[in-house]
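Worksheet for the structure shown next.
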Amino acid sequence: MAQDRQIICPQIDTCEEISPSLIKHILVPFDLSDMSHRAFEFSLDLAKKYNARISVLTIMYSEVLSSSFLDMSSHQKIIEKEKINQISTSFKLLEGAAKKFSVQLKSDMVFSKNVADTILSFSTNRKVDLIVMGTRARSSPRRFMIGSVVMDVIQKTSCPVILVK
């Protein structure tokens with residue numbers, strides 16, 4: 001048996017050996033909520049332990065932005081620019097935290113009408129090994145314990161998902 005491998009279930013003769021570093025790339029969908037902050041902190045701990053890298057993905061949902069920035073009223077432009085600035089500031093704070101943990105971090109902001117499909121597409125295209133995300137819907141936290149985006153992601157993804165409360 002190789003020194004850097006371990007047996008998962010030693011009581012069964014048919015078990016295979018696996019590498020201890022199955023997690024190399026972690027995706028954290030990030031929406032500025034407390035739960036997404038906790039999911040990021042959890043992913044930092046995992047990334048440090050597994051020597052993995054983290055991708056933070058923020059998806060801006062906006063009917064207006066999906067058509068054209070030029071079609072917006074000046075008030076809408078101000079609101080959208082403020083959101084973008086807020087996310088950029090958060091990305092800098094997350095990058096600082098990752099640097100303290102010596103974890104490689106890449107942050108992306110994309111615009112999309114379908115948040116769950118964008119997370120799924122990103123995780124497939126970037127070869128993500130694990131998704132770590134918050135559990136509750138932002139719009140109505142008392143109505144559902146798990147939001148619709150989370151439900152779509154866990155039902156359709158091919159990689160493991162850790163939900164953080």
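Going through the structure tokens in order, the chains are called A, B, and so on, while each chain numbers its residues from 1 and the ligands are numbered from 1 in the order shown.
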_Backbone DSSP call of helix (DSSP H, G or I) for stretch 16-127 of chain A, listed as a ChimeraX atom specification_ = /A:34-50,63-67,69-71,74-100,115-125
For the residues in that selection, give me C-alpha atoms as an mmCIF file, in the first residue's frame.
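Below you can see out.cif, which holds the result:
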data_model
loop_
_atom_site.group_PDB
_atom_site.id
_atom_site.type_symbol
_atom_site.label_atom_id
_atom_site.label_comp_id
_atom_site.auth_asym_id
_atom_site.auth_seq_id
_atom_site.Cartn_x
_atom_site.Cartn_y
_atom_site.Cartn_z
ATOM 1 C CA ASP A 34 -24.430 35.795 6.989
ATOM 2 C CA MET A 35 -24.849 32.208 5.811
ATOM 3 C CA SER A 36 -22.597 32.703 2.817
ATOM 4 C CA HIS A 37 -19.981 34.250 5.127
ATOM 5 C CA ARG A 38 -20.194 31.158 7.368
ATOM 6 C CA ALA A 39 -19.952 28.899 4.320
ATOM 7 C CA PHE A 40 -16.811 30.762 3.277
ATOM 8 C CA GLU A 41 -15.271 30.378 6.754
ATOM 9 C CA PHE A 42 -16.071 26.657 6.695
ATOM 10 C CA SER A 43 -14.514 26.328 3.235
ATOM 11 C CA LEU A 44 -11.372 28.109 4.445
ATOM 12 C CA ASP A 45 -10.949 25.487 7.147
ATOM 13 C CA LEU A 46 -11.451 22.666 4.644
ATOM 14 C CA ALA A 47 -9.141 24.241 2.069
ATOM 15 C CA LYS A 48 -6.391 24.610 4.661
ATOM 16 C CA LYS A 49 -6.746 20.966 5.755
ATOM 17 C CA TYR A 50 -6.897 19.556 2.218
ATOM 18 C CA GLU A 63 -33.709 41.513 -15.156
ATOM 19 C CA VAL A 64 -32.357 44.921 -16.093
ATOM 20 C CA LEU A 65 -28.712 43.883 -16.277
ATOM 21 C CA SER A 66 -29.553 40.867 -18.364
ATOM 22 C CA SER A 67 -30.785 43.172 -21.123
ATOM 23 C CA PHE A 69 -26.844 48.558 -18.747
ATOM 24 C CA LEU A 70 -27.704 51.372 -21.159
ATOM 25 C CA ASP A 71 -31.444 50.694 -20.806
ATOM 26 C CA SER A 74 -29.964 56.629 -13.670
ATOM 27 C CA HIS A 75 -31.434 55.493 -10.331
ATOM 28 C CA GLN A 76 -31.151 51.810 -11.347
ATOM 29 C CA LYS A 77 -27.555 52.363 -12.481
ATOM 30 C CA ILE A 78 -26.675 53.850 -9.092
ATOM 31 C CA ILE A 79 -28.235 50.915 -7.225
ATOM 32 C CA GLU A 80 -26.482 48.331 -9.417
ATOM 33 C CA LYS A 81 -23.128 50.126 -9.126
ATOM 34 C CA GLU A 82 -23.515 50.194 -5.334
ATOM 35 C CA LYS A 83 -24.144 46.428 -5.305
ATOM 36 C CA ILE A 84 -21.085 45.841 -7.451
ATOM 37 C CA ASN A 85 -18.941 48.037 -5.171
ATOM 38 C CA GLN A 86 -20.242 46.204 -2.099
ATOM 39 C CA ILE A 87 -19.360 42.845 -3.628
ATOM 40 C CA SER A 88 -15.909 44.078 -4.689
ATOM 41 C CA THR A 89 -15.236 45.271 -1.134
ATOM 42 C CA SER A 90 -16.354 41.882 0.243
ATOM 43 C CA PHE A 91 -14.074 40.090 -2.221
ATOM 44 C CA LYS A 92 -11.088 42.055 -0.885
ATOM 45 C CA LEU A 93 -11.962 41.057 2.690
ATOM 46 C CA LEU A 94 -12.336 37.396 1.679
ATOM 47 C CA GLU A 95 -9.009 37.518 -0.160
ATOM 48 C CA GLY A 96 -7.373 38.899 2.997
ATOM 49 C CA ALA A 97 -8.805 36.069 5.093
ATOM 50 C CA ALA A 98 -7.657 33.470 2.551
ATOM 51 C CA LYS A 99 -4.178 34.960 2.541
ATOM 52 C CA LYS A 100 -3.997 34.564 6.344
ATOM 53 C CA VAL A 115 -28.621 31.445 -10.201
ATOM 54 C CA ALA A 116 -28.711 27.663 -9.688
ATOM 55 C CA ASP A 117 -27.877 26.878 -13.322
ATOM 56 C CA THR A 118 -24.991 29.335 -13.202
ATOM 57 C CA ILE A 119 -23.583 27.638 -10.075
ATOM 58 C CA LEU A 120 -23.939 24.230 -11.727
ATOM 59 C CA SER A 121 -22.313 25.389 -14.964
ATOM 60 C CA PHE A 122 -19.464 27.067 -13.083
ATOM 61 C CA SER A 123 -18.821 23.972 -10.969
ATOM 62 C CA THR A 124 -18.702 21.742 -14.043
ATOM 63 C CA ASN A 125 -16.577 24.045 -16.200
#
_List the spatial neighbours of stretch 148-153 of chain A as a ChimeraX atom specification - criterion: any atom at most 12 Å away, only C-alpha atoms, same-chain residues fewer than 3 positions off excluded._
/A:28-29,31,36,59,114-124,130-141,143-145,156-164
*If you count only C-alpha atoms, which residues fall within 7 Å of A:Asp129, apart from same-chain ones fewer than 6 positions away, as a PyMOL selection string?*
chain A and resi 23-26+159
*For atom CA of A:Gln104 and atom CA of A:Ser33, determine how far apart the two atoms are, in Å to one decimal place.*
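Straight-line distance from atom CA of A:Gln104 to atom CA of A:Ser33 works out to 22.1 Å.
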_Separation of atom CA of A:Ser107 from atom CA of A:Val128, in Å and rounded to one decimal_ =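 Here the two named atoms are 13.8 Å from each other.
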*Among the residues A:Ile54, A:Ile154, A:Met60, A:Leu27, the one that comes closest to A:Ser112 [using only C-alpha atoms]*: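 Going through A:Ile54, A:Ile154, A:Met60, A:Leu27 one by one, the smallest distance to A:Ser112 is for A:Met60.
Atom CA of A:Gln155 is found 17.8 Å from atom CA of A:Lys127.
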_Which of A:Ser102, A:Asp108, A:Ser21, A:Tyr61 sits closest to A:Arg126 [using only C-alpha atoms]_ =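 Among the listed residues, A:Asp108 lies closest to A:Arg126.
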*Between A:Thr58, A:Phe111, A:Lys165, A:Lys106, which is the closest to A:Gly147 once you count only C-alpha atoms?*
A:Lys165
